[in-house]
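Structure first, commentary second.
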Amino acid sequence: MSTIEHVEEGANDRSLIKAIEDEVAIYKERNAESLARYERACRVLPGGSTRATLYYPPFPVVIERGENNFLFDADGHKYLNFVGEYTAGLYGHNEEMLRDILSEIGKRGLMLSGPNIYEEKLADIICTRFQSISKVRFCNSGTEANLLALALARNATRKETALVFKGAYHGGFLTFGASGAPLNVPMKALIGAYNDVEGTRALIEKNKDELGAIIVEPMMGSGGCIAGDPVFLEMLRTAASEHDIVLIFDEVMTSRLSPGGLQEKLGIEPDLTSLGKYIGGGFSCGALGGRDELMSMFDLRRENGLSHAGTFNNNIASMIGGSIGLGKYFTGEACVSLNARGDKLRERLNEIAKEANTPVQVTGIGSVMNPHLGLETIKSPDDINHPNLQLFRMLMHLHMMNRGFYVASRGLITLNLKSTDDDIEAFEREFENFLQIYGAALCGE
Ligand SMILES: Cc1ncc(COP(=O)(O)O)c(C=O)c1O
């Protein structure tokens with residue numbers, strides 16, 4: 001969906017469309033400089049962008065800088081940041097942390113052409129925090145960590161097929177949404193239904209001889225912040241163990257929800273865990289960790305050790321960023337406190353929606369959440385299907401952006417370590433205002 005015209009074609013709700021048109025007019029008027037820069041960017045970047053997530057209609061605002069929990073755009077607007085770089089911006093814009101990292105990088109230099117002390121340090125922190133991880137390999141993104149996980153599982157089991165779930169996002173080349181994914185890596189995949197215990201168990205049993213991996217997020221993040229049912233995840237654990245299948249938890253997004261990842265909160269140990277986003281302290285980073293027996297397949301001292309290469313795998317900026325970030329700033333205590341505040345915010349937003357009598361619910365866990373239109377229980381992305389969903393998302397996005405709240409166009413809301421109680425309360429008030437203005441239209445009146 002790239003323009004308001006596309007939305008209009010399929011929708012029949014005039015009052016919502018009129019509201020969006022009004023908000024688009026305000027948005028365009030406010031963001032003339034961003035539009036000019038966007039048009040210039042279109043000359044040299046296809047569609048003016050180099051990252052699909054950051055495109056939204058009518059055009060994205062250009063961000064000039066960040067400070068604490070604020071972002072400043074090219075037209076001089078100041079936003080409270082509730083995108084938090086799609087969960088990677090966990091630390092907020094923390095000058096002290098940046099100074100710590102840069103000072104350490106300054107002492108060491110870049111591009112050291114050999115192992116450095118910080119890769120061991122960061123690996124040690126990760127192994128200490130995540131119970132199921134006894135060894136780690138680093139790479140440069142969450143996508144890469146998942147590709148590595150699937151390749152390792154294939155080599156370990158000598159079975160080619162992976163079980164994935166409909167609507168899951170495991171990276172730019174591992175997307176299993178409804179709209180097809182022409183850029184996906186070629187792979188043999190079976191597609192199951194998230195949280196469907198019996199259906200998935202049957203699928204696994206029927207295909208156990210071909211299945212080498214199950215990859216799953218313990219909470220579907222991009223899929224809409226849908227919590228995994230512990231019974232479902234437990235079933236995957238049992239079935240994987242029974243049938244020599246490697247269970248991969250993609251915790252690129254969810255690992256921030258508890259000090260030892262969401263797996264710790266669930267009490268379920270996967271064989272492999274992929275990490276990314278905030279794990280490099282704001283620098284690009286991915287990591288794959290897991291059971292010794294699997295991870296040791298990368299040990300080149302062994303005969304037939306798997307050769308996992310990558311120029312920037314141990315780049316010192318990410319290794320320092322991650323060690324300082326996890327070691328000093330995102331401590332276990334900070335993690336618990338941030339997620340408790342997120343739970344409170346989500347509960348409050350749901351109360352506000354209920355008090356306003358609107359069919360809106362907010363799903364998620366801790367500091368990561370997503371509002372939806374429709375009140376049915378959401379167990380899988382197929383349940384996010386209200387006919388006016390796109391209109392709701394677009395309207396809420398534009399409304400919040402026009403009032404100084406930076407939110408993701410698909411609705412994702414995250415807290416970061418720089419989010420203050422005042423920021424959160426301001427967000428709650430604007431959400432209430434949004435529902436008061438558009439509640440009737442959202443109810444189809
Ligand atoms: C669950 C999950 N896995 C993998 C990825 C891919 O990570 P990256 O964008 O670093 O490649 C993402 C990114 O949004 C994600 O949310």
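Ligands are numbered from 1 in the order shown, residues from 1 within each chain, and chains are lettered A, B, ... in the order they appear in the structure tokens.
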
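In the backbone-derived DSSP annotation, strand (DSSP E) within region 26-128 of chain A comprises Ile63, Glu64, Arg65, Gly66, Glu67, Phe70, Leu71, Phe72, Asp73, Lys78, Tyr79, Leu80 and Asn81 of chain A.
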
Close residues, region 371-386 of chain A itself excluded, 7 Å, only C-alpha atoms, min 2 positions apart in chain, as a PyMOL selection string: chain A and resi 167+194-195+223-224+226+359-363+369+388-389+392+411

Contacts of ligand 1, 9 Å or closer, only C-alpha atoms and all ligand atoms, given as an NGL selection string: :A and (53 or 86-88 or 140-146 or 168-174 or 216-217 or 219-223 or 250-254 or 274-277 or 284-286)

Which of region 209-372 of chain A DSSP labels alpha helix (DSSP H), written as a ChimeraX atom specification: /A:230-242,262-266,292-295,316-324,332-355

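Taking only C-alpha atoms, the non-local environment of region 25-30 of chain A within 7 Å (same-chain residues fewer than 3 positions away omitted) comprises A:Glu21, A:Asp22, A:Asn402.
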
Given only C-alpha atoms as the counted atoms, nearest of A:Val336, A:Met97, A:Ala189, A:Leu262 to Gly228 (chain A): A:Leu262

Long-range neighbours of Thr161 (chain A) as a ChimeraX atom specification, 8 Å cut-off, only C-alpha atoms, 5 positions minimum in chain: /A:154,187-190,210-213

For the residues in the current selection, export N, CA and C atoms as a JSON list (two decimals), in the first residue's frame.
[["chain", "number", "residue", "atom", "x", "y", "z"],
["A", 154, "ARG", "N", 20.50, -27.29, 9.34],
["A", 154, "ARG", "CA", 20.53, -28.18, 8.16],
["A", 154, "ARG", "C", 21.76, -29.10, 8.22],
["A", 187, "MET", "N", 14.58, -21.65, -0.09],
["A", 187, "MET", "CA", 14.70, -22.64, 0.99],
["A", 187, "MET", "C", 13.45, -23.51, 1.00],
["A", 188, "LYS", "N", 13.59, -24.70, 1.53],
["A", 188, "LYS", "CA", 12.43, -25.58, 1.65],
["A", 188, "LYS", "C", 11.75, -25.24, 2.97],
["A", 189, "ALA", "N", 10.52, -24.73, 2.88],
["A", 189, "ALA", "CA", 9.83, -24.33, 4.11],
["A", 189, "ALA", "C", 8.42, -24.87, 4.14],
["A", 190, "LEU", "N", 8.03, -25.33, 5.30],
["A", 190, "LEU", "CA", 6.63, -25.67, 5.55],
["A", 190, "LEU", "C", 6.06, -24.52, 6.36],
["A", 210, "GLU", "N", 11.79, -34.97, 7.16],
["A", 210, "GLU", "CA", 12.38, -33.90, 6.33],
["A", 210, "GLU", "C", 12.70, -32.66, 7.14],
["A", 211, "LEU", "N", 12.06, -32.52, 8.31],
["A", 211, "LEU", "CA", 12.21, -31.27, 9.06],
["A", 211, "LEU", "C", 13.51, -31.24, 9.87],
["A", 212, "GLY", "N", 14.37, -30.25, 9.55],
["A", 212, "GLY", "CA", 15.61, -30.10, 10.30],
["A", 212, "GLY", "C", 15.53, -28.95, 11.30],
["A", 213, "ALA", "N", 14.60, -28.03, 11.07],
["A", 213, "ALA", "CA", 14.54, -26.84, 11.94],
["A", 213, "ALA", "C", 13.11, -26.37, 12.11]]

Exercise: Ile63 (chain A) partners within 10 Å, only C-alpha atoms, chain neighbours under 3 positions left out, as a PyMOL selection string: chain A and resi 34+60+66+71-79

Selection near Leu338 (chain A), 9 Å with only C-alpha atoms, sequence-local residues under 2 positions removed, as a PyMOL selection string: chain A and resi 257+333-336+340-343+366-367+415-417+419

Produce a file of the selected residues containing all heavy atoms, as an mmCIF file, in the first residue's frame.
data_model
loop_
_atom_site.group_PDB
_atom_site.id
_atom_site.type_symbol
_atom_site.label_atom_id
_atom_site.label_comp_id
_atom_site.auth_asym_id
_atom_site.auth_seq_id
_atom_site.Cartn_x
_atom_site.Cartn_y
_atom_site.Cartn_z
ATOM 1 N N LEU A 257 12.886 -8.526 26.433
ATOM 2 C CA LEU A 257 11.690 -8.521 27.276
ATOM 3 C C LEU A 257 11.919 -9.142 28.652
ATOM 4 O O LEU A 257 11.035 -9.113 29.508
ATOM 5 C CB LEU A 257 10.529 -9.223 26.546
ATOM 6 C CG LEU A 257 10.134 -8.552 25.220
ATOM 7 C CD1 LEU A 257 9.010 -9.308 24.535
ATOM 8 C CD2 LEU A 257 9.729 -7.094 25.445
ATOM 9 N N GLU A 333 18.405 -5.522 36.000
ATOM 10 C CA GLU A 333 17.478 -4.665 36.748
ATOM 11 C C GLU A 333 16.801 -3.645 35.830
ATOM 12 O O GLU A 333 15.582 -3.441 35.883
ATOM 13 C CB GLU A 333 18.306 -3.923 37.795
ATOM 14 C CG GLU A 333 17.591 -3.574 39.078
ATOM 15 C CD GLU A 333 18.594 -2.998 40.060
ATOM 16 O OE1 GLU A 333 19.387 -3.789 40.617
ATOM 17 O OE2 GLU A 333 18.616 -1.771 40.207
ATOM 18 N N ALA A 334 17.593 -3.021 34.963
ATOM 19 C CA ALA A 334 17.043 -2.020 34.032
ATOM 20 C C ALA A 334 16.021 -2.676 33.107
ATOM 21 O O ALA A 334 14.985 -2.089 32.771
ATOM 22 C CB ALA A 334 18.176 -1.396 33.222
ATOM 23 N N CYS A 335 16.314 -3.906 32.718
ATOM 24 C CA CYS A 335 15.429 -4.652 31.813
ATOM 25 C C CYS A 335 14.073 -4.903 32.486
ATOM 26 O O CYS A 335 13.014 -4.645 31.898
ATOM 27 C CB CYS A 335 16.117 -5.965 31.427
ATOM 28 S SG CYS A 335 15.072 -7.112 30.541
ATOM 29 N N VAL A 336 14.129 -5.375 33.722
ATOM 30 C CA VAL A 336 12.881 -5.692 34.440
ATOM 31 C C VAL A 336 12.053 -4.420 34.625
ATOM 32 O O VAL A 336 10.839 -4.395 34.389
ATOM 33 C CB VAL A 336 13.199 -6.360 35.800
ATOM 34 C CG1 VAL A 336 11.961 -6.462 36.674
ATOM 35 C CG2 VAL A 336 13.806 -7.743 35.562
ATOM 36 N N ALA A 340 8.338 -3.597 33.017
ATOM 37 C CA ALA A 340 7.197 -3.377 33.921
ATOM 38 C C ALA A 340 6.473 -2.089 33.521
ATOM 39 O O ALA A 340 5.239 -2.016 33.513
ATOM 40 C CB ALA A 340 7.684 -3.295 35.363
ATOM 41 N N ARG A 341 7.246 -1.067 33.151
ATOM 42 C CA ARG A 341 6.626 0.196 32.712
ATOM 43 C C ARG A 341 5.863 -0.010 31.408
ATOM 44 O O ARG A 341 4.798 0.567 31.196
ATOM 45 C CB ARG A 341 7.690 1.267 32.540
ATOM 46 C CG ARG A 341 8.342 1.611 33.868
ATOM 47 C CD ARG A 341 9.599 2.395 33.656
ATOM 48 N NE ARG A 341 9.297 3.783 33.422
ATOM 49 C CZ ARG A 341 9.974 4.559 32.579
ATOM 50 N NH1 ARG A 341 10.972 4.087 31.892
ATOM 51 N NH2 ARG A 341 9.646 5.814 32.440
ATOM 52 N N GLY A 342 6.406 -0.868 30.539
ATOM 53 C CA GLY A 342 5.710 -1.174 29.285
ATOM 54 C C GLY A 342 4.397 -1.890 29.535
ATOM 55 O O GLY A 342 3.370 -1.576 28.923
ATOM 56 N N ASP A 343 4.431 -2.866 30.463
ATOM 57 C CA ASP A 343 3.178 -3.582 30.792
ATOM 58 C C ASP A 343 2.125 -2.595 31.289
ATOM 59 O O ASP A 343 0.952 -2.686 30.927
ATOM 60 C CB ASP A 343 3.442 -4.651 31.870
ATOM 61 C CG ASP A 343 4.092 -5.906 31.291
ATOM 62 O OD1 ASP A 343 3.856 -6.204 30.106
ATOM 63 O OD2 ASP A 343 4.831 -6.582 32.024
ATOM 64 N N GLY A 366 5.568 -6.454 27.816
ATOM 65 C CA GLY A 366 6.554 -5.494 28.315
ATOM 66 C C GLY A 366 6.633 -4.244 27.460
ATOM 67 O O GLY A 366 5.614 -3.640 27.118
ATOM 68 N N SER A 367 7.851 -3.901 27.088
ATOM 69 C CA SER A 367 8.099 -2.604 26.449
ATOM 70 C C SER A 367 7.847 -2.587 24.944
ATOM 71 O O SER A 367 8.218 -1.620 24.271
ATOM 72 C CB SER A 367 9.544 -2.189 26.734
ATOM 73 O OG SER A 367 10.427 -3.209 26.290
ATOM 74 N N LEU A 415 9.076 1.264 24.217
ATOM 75 C CA LEU A 415 9.706 2.173 25.180
ATOM 76 C C LEU A 415 11.205 1.945 25.112
ATOM 77 O O LEU A 415 11.663 0.856 24.758
ATOM 78 C CB LEU A 415 9.222 1.872 26.602
ATOM 79 C CG LEU A 415 7.746 2.094 26.900
ATOM 80 C CD1 LEU A 415 7.474 1.875 28.390
ATOM 81 C CD2 LEU A 415 7.295 3.493 26.487
ATOM 82 N N ASN A 416 11.963 2.985 25.455
ATOM 83 C CA ASN A 416 13.407 2.805 25.535
ATOM 84 C C ASN A 416 13.886 3.326 26.893
ATOM 85 O O ASN A 416 13.099 3.879 27.669
ATOM 86 C CB ASN A 416 14.110 3.509 24.358
ATOM 87 C CG ASN A 416 13.918 5.014 24.413
ATOM 88 O OD1 ASN A 416 14.488 5.683 25.261
ATOM 89 N ND2 ASN A 416 13.098 5.563 23.513
ATOM 90 N N LEU A 417 15.163 3.136 27.159
ATOM 91 C CA LEU A 417 15.673 3.477 28.497
ATOM 92 C C LEU A 417 15.635 4.980 28.784
ATOM 93 O O LEU A 417 15.820 5.389 29.922
ATOM 94 C CB LEU A 417 17.094 2.931 28.675
ATOM 95 C CG LEU A 417 17.193 1.398 28.719
ATOM 96 C CD1 LEU A 417 18.652 0.948 28.737
ATOM 97 C CD2 LEU A 417 16.458 0.813 29.921
ATOM 98 N N SER A 419 12.852 6.786 27.898
ATOM 99 C CA SER A 419 11.433 7.174 27.996
ATOM 100 C C SER A 419 11.146 7.536 29.451
ATOM 101 O O SER A 419 11.391 6.726 30.354
ATOM 102 C CB SER A 419 10.504 6.003 27.618
ATOM 103 O OG SER A 419 10.832 5.461 26.376
#

Shortest interatomic distance to Ile320 (chain A) - which of A:Lys354, A:Arg129, A:Arg108, A:Lys206, counting only C-alpha atoms: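 Ranked by minimum distance to Ile320 (chain A), first place goes to A:Arg108.
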
Residue nearest Gly321 (chain A) among A:Phe82, A:Tyr56, A:Phe130, A:Phe283 (counting only C-alpha atoms): A:Phe283

Surrounding residues of Ala309 (chain A) excluding itself and chain neighbours under 4 positions, 10 Å, only C-alpha atoms, as a PDB file with N, CA and C atoms, in the first residue's frame:
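Just written: selection-v2.pdb:
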ATOM      1  N   PHE A 138      29.122 -14.223  16.226  1.00  0.00           N
ATOM      2  CA  PHE A 138      28.586 -12.914  15.878  1.00  0.00           C
ATOM      3  C   PHE A 138      28.501 -12.750  14.367  1.00  0.00           C
ATOM      4  N   CYS A 139      27.569 -11.900  13.946  1.00  0.00           N
ATOM      5  CA  CYS A 139      27.450 -11.513  12.539  1.00  0.00           C
ATOM      6  C   CYS A 139      26.950 -10.067  12.536  1.00  0.00           C
ATOM      7  N   ASN A 313      32.263  -9.530  11.325  1.00  0.00           N
ATOM      8  CA  ASN A 313      31.644 -10.315  12.405  1.00  0.00           C
ATOM      9  C   ASN A 313      32.072  -9.845  13.795  1.00  0.00           C
TER      10      ASN A 313
END

Between CA of Ser132 (chain A) and CA of Ile268 (chain A) - distance in Å to one decimal: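 Computing it gives 8.8 Å between the two atoms.
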
For Glu120 (chain A), the nearest of the candidates A:Ile316, A:Ala41, A:Leu102, A:Ala181, counting only C-alpha atoms: A:Ile316
